[in-house]
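Chemist: Sharing a structure, written as structure tokens. Questions coming.
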Amino acid sequence: MPNSTHDTVLLTTPRGHEVVAELEYDGFAVRHAKVVHKYTGVMKPLDAVTAETLERALKAKRVYDHAMTETRAVEQTLKGFGALAAALGNEHPAIEPYWREANQHKTIAQDMRERARHFHDDAMAAIDKLAGD
């Protein structure tokens, strides 16, 4: 988790333009987003729809990262059980809740990865178009 309530986000579009935006964590919002043309340096603000799509991509990525962190934590707990967990098996009542939780986090992570990619691709295409490509 970031130490401040906002960070500057720097991204590069598929056509090489730079996207600069402020990401506010309190309400998870993208503010002051603009694209900088890679050849001319001309800056253009992102329209509301494109900024919202970028915001959705960043939010889905954040949820994905959190789900992966939770998955690794549960898997580490299971590893801590060592040979006992292996001897009992994944279906044992003492072990099964951990595997179920890990699988739930993995499912969330996969879904958020797909959403993040979808929103990211849409935002980048719109940003490249806005930049003039």
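Naming works like this for the structure tokens: A, B, ... for the chains as they're shown, residue 1 at the start of each chain, ligands 1 onward in shown order.
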Just the residues within 7 Å of region 11-22 of chain A, please, counting only C-alpha atoms, with nothing from its chain fewer than 3 positions along; format it as JSON, numbers by chain.
Modeler: {"A": [6, 7, 8, 30, 31, 32, 33, 34, 35, 36, 37, 38, 124, 128]}
Chemist: Please, could you write that set of residues out with N, CA and C atoms as a JSON list (two decimals), in the first residue's frame?
Modeler:
[["chain", "number", "residue", "atom", "x", "y", "z"],
["A", 6, "HIS", "N", -1.74, 9.72, -2.86],
["A", 6, "HIS", "CA", -1.71, 9.74, -4.32],
["A", 6, "HIS", "C", -0.30, 9.47, -4.84],
["A", 7, "ASP", "N", -0.25, 9.02, -6.08],
["A", 7, "ASP", "CA", 1.01, 8.77, -6.78],
["A", 7, "ASP", "C", 0.87, 9.26, -8.21],
["A", 8, "THR", "N", 2.00, 9.52, -8.82],
["A", 8, "THR", "CA", 2.01, 9.83, -10.24],
["A", 8, "THR", "C", 2.21, 8.52, -11.00],
["A", 30, "VAL", "N", -8.43, 8.58, -11.09],
["A", 30, "VAL", "CA", -7.39, 9.11, -11.94],
["A", 30, "VAL", "C", -7.68, 10.59, -12.16],
["A", 31, "ARG", "N", -6.70, 11.43, -11.88],
["A", 31, "ARG", "CA", -6.85, 12.88, -12.02],
["A", 31, "ARG", "C", -5.74, 13.43, -12.91],
["A", 32, "HIS", "N", -6.04, 14.50, -13.60],
["A", 32, "HIS", "CA", -5.06, 15.24, -14.39],
["A", 32, "HIS", "C", -4.33, 14.34, -15.39],
["A", 33, "ALA", "N", -5.05, 13.43, -16.00],
["A", 33, "ALA", "CA", -4.44, 12.50, -16.96],
["A", 33, "ALA", "C", -4.23, 13.20, -18.30],
["A", 34, "LYS", "N", -3.06, 12.98, -18.87],
["A", 34, "LYS", "CA", -2.75, 13.56, -20.17],
["A", 34, "LYS", "C", -1.81, 12.63, -20.92],
["A", 35, "VAL", "N", -1.81, 12.80, -22.23],
["A", 35, "VAL", "CA", -0.91, 12.04, -23.09],
["A", 35, "VAL", "C", 0.11, 13.00, -23.67],
["A", 36, "VAL", "N", 1.35, 12.55, -23.76],
["A", 36, "VAL", "CA", 2.43, 13.34, -24.33],
["A", 36, "VAL", "C", 2.87, 12.62, -25.61],
["A", 37, "HIS", "N", 2.70, 13.30, -26.75],
["A", 37, "HIS", "CA", 3.07, 12.71, -28.04],
["A", 37, "HIS", "C", 4.57, 12.44, -28.07],
["A", 38, "LYS", "N", 4.96, 11.25, -28.52],
["A", 38, "LYS", "CA", 6.37, 10.85, -28.43],
["A", 38, "LYS", "C", 7.29, 11.65, -29.35],
["A", 124, "MET", "N", -5.54, 2.34, -23.95],
["A", 124, "MET", "CA", -4.35, 2.63, -24.74],
["A", 124, "MET", "C", -4.71, 2.94, -26.20],
["A", 128, "ASP", "N", -3.85, 6.49, -27.88],
["A", 128, "ASP", "CA", -3.06, 6.60, -29.11],
["A", 128, "ASP", "C", -3.83, 7.40, -30.16]]
Chemist: DSSP on the backbone, helix (DSSP H, G or I) only: what residues of chain A does that give? Format it as a VMD selection string.
Modeler: chain A and resid 48 to 81 83 to 88 96 to 131
Chemist: Would you give me, as a PyMOL selection string, the residues in chain A that DSSP reads as strand (DSSP E)?
Modeler: chain A and resi 6-12+18-24+29-36+43-45
Chemist: Tell me, as a list in words, which residues lie within 9 Å of Thr53 (chain A), counting only C-alpha atoms; anything in the same chain fewer than 5 positions away does not count.
Modeler: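 Selected residues are Ala48, Leu58, Phe119, His120, Asp122 and Ala123 of chain A.
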Chemist: Neighbouring residues of region 95-112 of chain A were defined as those with any atom within 7 Å, considering only C-alpha atoms; residues of the same chain fewer than 2 positions away were excluded. Please report them as a ChimeraX atom specification.
Modeler: /A:60-61,63-64,67-68,70-71,74-75,85,90-93,114-116
Chemist: Now that the selection is made, can you save its residues with N, CA, C and O atoms as a PDB file, in the first residue's frame?
Modeler:
ATOM      1  N   ALA A  60      -8.529  -2.610 -11.508  1.00  0.00           N
ATOM      2  CA  ALA A  60      -8.527  -4.060 -11.691  1.00  0.00           C
ATOM      3  C   ALA A  60      -7.129  -4.623 -11.436  1.00  0.00           C
ATOM      4  O   ALA A  60      -6.988  -5.688 -10.830  1.00  0.00           O
ATOM      5  N   LYS A  61      -6.109  -3.901 -11.861  1.00  0.00           N
ATOM      6  CA  LYS A  61      -4.724  -4.336 -11.604  1.00  0.00           C
ATOM      7  C   LYS A  61      -4.435  -4.350 -10.114  1.00  0.00           C
ATOM      8  O   LYS A  61      -3.782  -5.262  -9.603  1.00  0.00           O
ATOM      9  N   VAL A  63      -6.645  -4.811  -7.677  1.00  0.00           N
ATOM     10  CA  VAL A  63      -7.357  -5.959  -7.099  1.00  0.00           C
ATOM     11  C   VAL A  63      -6.609  -7.250  -7.437  1.00  0.00           C
ATOM     12  O   VAL A  63      -6.471  -8.138  -6.598  1.00  0.00           O
ATOM     13  N   TYR A  64      -6.122  -7.350  -8.672  1.00  0.00           N
ATOM     14  CA  TYR A  64      -5.334  -8.515  -9.084  1.00  0.00           C
ATOM     15  C   TYR A  64      -4.108  -8.674  -8.173  1.00  0.00           C
ATOM     16  O   TYR A  64      -3.847  -9.765  -7.660  1.00  0.00           O
ATOM     17  N   ALA A  67      -5.146  -9.896  -4.760  1.00  0.00           N
ATOM     18  CA  ALA A  67      -5.555 -11.300  -4.783  1.00  0.00           C
ATOM     19  C   ALA A  67      -4.337 -12.219  -4.876  1.00  0.00           C
ATOM     20  O   ALA A  67      -4.291 -13.273  -4.234  1.00  0.00           O
ATOM     21  N   MET A  68      -3.342 -11.815  -5.646  1.00  0.00           N
ATOM     22  CA  MET A  68      -2.128 -12.627  -5.746  1.00  0.00           C
ATOM     23  C   MET A  68      -1.348 -12.626  -4.430  1.00  0.00           C
ATOM     24  O   MET A  68      -0.800 -13.657  -4.028  1.00  0.00           O
ATOM     25  N   GLU A  70      -2.688 -12.345  -1.462  1.00  0.00           N
ATOM     26  CA  GLU A  70      -3.449 -13.231  -0.572  1.00  0.00           C
ATOM     27  C   GLU A  70      -3.228 -14.701  -0.925  1.00  0.00           C
ATOM     28  O   GLU A  70      -3.103 -15.545  -0.041  1.00  0.00           O
ATOM     29  N   THR A  71      -3.165 -15.011  -2.207  1.00  0.00           N
ATOM     30  CA  THR A  71      -2.920 -16.384  -2.644  1.00  0.00           C
ATOM     31  C   THR A  71      -1.567 -16.859  -2.126  1.00  0.00           C
ATOM     32  O   THR A  71      -1.461 -17.966  -1.572  1.00  0.00           O
ATOM     33  N   VAL A  74      -1.640 -17.595   1.663  1.00  0.00           N
ATOM     34  CA  VAL A  74      -2.281 -18.869   2.008  1.00  0.00           C
ATOM     35  C   VAL A  74      -1.372 -20.024   1.626  1.00  0.00           C
ATOM     36  O   VAL A  74      -1.214 -20.990   2.396  1.00  0.00           O
ATOM     37  N   GLU A  75      -0.761 -19.951   0.454  1.00  0.00           N
ATOM     38  CA  GLU A  75       0.149 -21.017   0.027  1.00  0.00           C
ATOM     39  C   GLU A  75       1.342 -21.133   0.966  1.00  0.00           C
ATOM     40  O   GLU A  75       1.802 -22.242   1.259  1.00  0.00           O
ATOM     41  N   ALA A  85       0.635 -31.563   6.131  1.00  0.00           N
ATOM     42  CA  ALA A  85      -0.370 -31.228   5.121  1.00  0.00           C
ATOM     43  C   ALA A  85      -0.363 -32.252   4.000  1.00  0.00           C
ATOM     44  O   ALA A  85      -1.416 -32.672   3.521  1.00  0.00           O
ATOM     45  N   ASN A  90      -5.278 -32.713   0.555  1.00  0.00           N
ATOM     46  CA  ASN A  90      -6.003 -31.457   0.358  1.00  0.00           C
ATOM     47  C   ASN A  90      -7.465 -31.518   0.777  1.00  0.00           C
ATOM     48  O   ASN A  90      -8.077 -30.490   1.026  1.00  0.00           O
ATOM     49  N   GLU A  91      -8.034 -32.703   0.847  1.00  0.00           N
ATOM     50  CA  GLU A  91      -9.449 -32.851   1.193  1.00  0.00           C
ATOM     51  C   GLU A  91      -9.694 -32.965   2.696  1.00  0.00           C
ATOM     52  O   GLU A  91     -10.843 -32.953   3.138  1.00  0.00           O
ATOM     53  N   HIS A  92      -8.652 -33.069   3.480  1.00  0.00           N
ATOM     54  CA  HIS A  92      -8.810 -33.187   4.930  1.00  0.00           C
ATOM     55  C   HIS A  92      -9.450 -31.911   5.476  1.00  0.00           C
ATOM     56  O   HIS A  92      -9.111 -30.804   5.053  1.00  0.00           O
ATOM     57  N   PRO A  93     -10.377 -32.046   6.435  1.00  0.00           N
ATOM     58  CA  PRO A  93     -11.073 -30.865   6.977  1.00  0.00           C
ATOM     59  C   PRO A  93     -10.149 -29.780   7.554  1.00  0.00           C
ATOM     60  O   PRO A  93     -10.516 -28.609   7.570  1.00  0.00           O
ATOM     61  N   GLU A 114      -7.815 -10.409 -16.467  1.00  0.00           N
ATOM     62  CA  GLU A 114      -8.521 -10.283 -17.745  1.00  0.00           C
ATOM     63  C   GLU A 114      -9.205  -8.924 -17.865  1.00  0.00           C
ATOM     64  O   GLU A 114      -9.144  -8.288 -18.926  1.00  0.00           O
ATOM     65  N   ARG A 115      -9.852  -8.473 -16.796  1.00  0.00           N
ATOM     66  CA  ARG A 115     -10.498  -7.159 -16.823  1.00  0.00           C
ATOM     67  C   ARG A 115      -9.477  -6.038 -16.999  1.00  0.00           C
ATOM     68  O   ARG A 115      -9.693  -5.107 -17.770  1.00  0.00           O
ATOM     69  N   ALA A 116      -8.380  -6.139 -16.265  1.00  0.00           N
ATOM     70  CA  ALA A 116      -7.338  -5.119 -16.367  1.00  0.00           C
ATOM     71  C   ALA A 116      -6.806  -5.061 -17.794  1.00  0.00           C
ATOM     72  O   ALA A 116      -6.628  -3.965 -18.355  1.00  0.00           O
TER      73      ALA A 116
END
Chemist: Of the candidates A:Glu55, A:Gly132, A:Ile127, A:Gln76, which one gets nearest to Gly27 (chain A) if we count only C-alpha atoms?
Modeler: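 Smallest distance to Gly27 (chain A) is found for A:Glu55.
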Chemist: Could you work out how far CA of Ala51 (chain A) lies from CA of His66 (chain A), giving the answer in Å with one decimal?
Modeler: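 Computed distance, CA of His66 (chain A) to CA of Ala51 (chain A), equals 22.5 Å.
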Chemist: Name the closest residue to Phe28 (chain A) among the candidates A:Ala125, A:Ala57, A:Met43, A:Val49; distances are taken between atoms, counting only C-alpha atoms.
Modeler: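 Comparing A:Ala125, A:Ala57, A:Met43, A:Val49 against Phe28 (chain A), the winner is A:Ala57.
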Chemist: So how far away is CA of Asp65 (chain A) from CA of Pro45 (chain A), in Å?
Modeler: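 About the pair CA of Pro45 (chain A) and CA of Asp65 (chain A): they are 27.9 Å apart.
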Chemist: Using only C-alpha atoms, find the one residue out of A:Arg117, A:Leu78, A:Ala131, A:Gly41 that sits nearest to Leu54 (chain A).
Modeler: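 Going through A:Arg117, A:Leu78, A:Ala131, A:Gly41 one by one, the smallest distance to Leu54 (chain A) is for A:Arg117.
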Chemist: Could you check how far CA of Lys129 (chain A) sits from CA of Glu24 (chain A), in Å to one decimal?
Modeler: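 Computing the Euclidean distance for CA of Lys129 (chain A) and CA of Glu24 (chain A) yields 25.4 Å.
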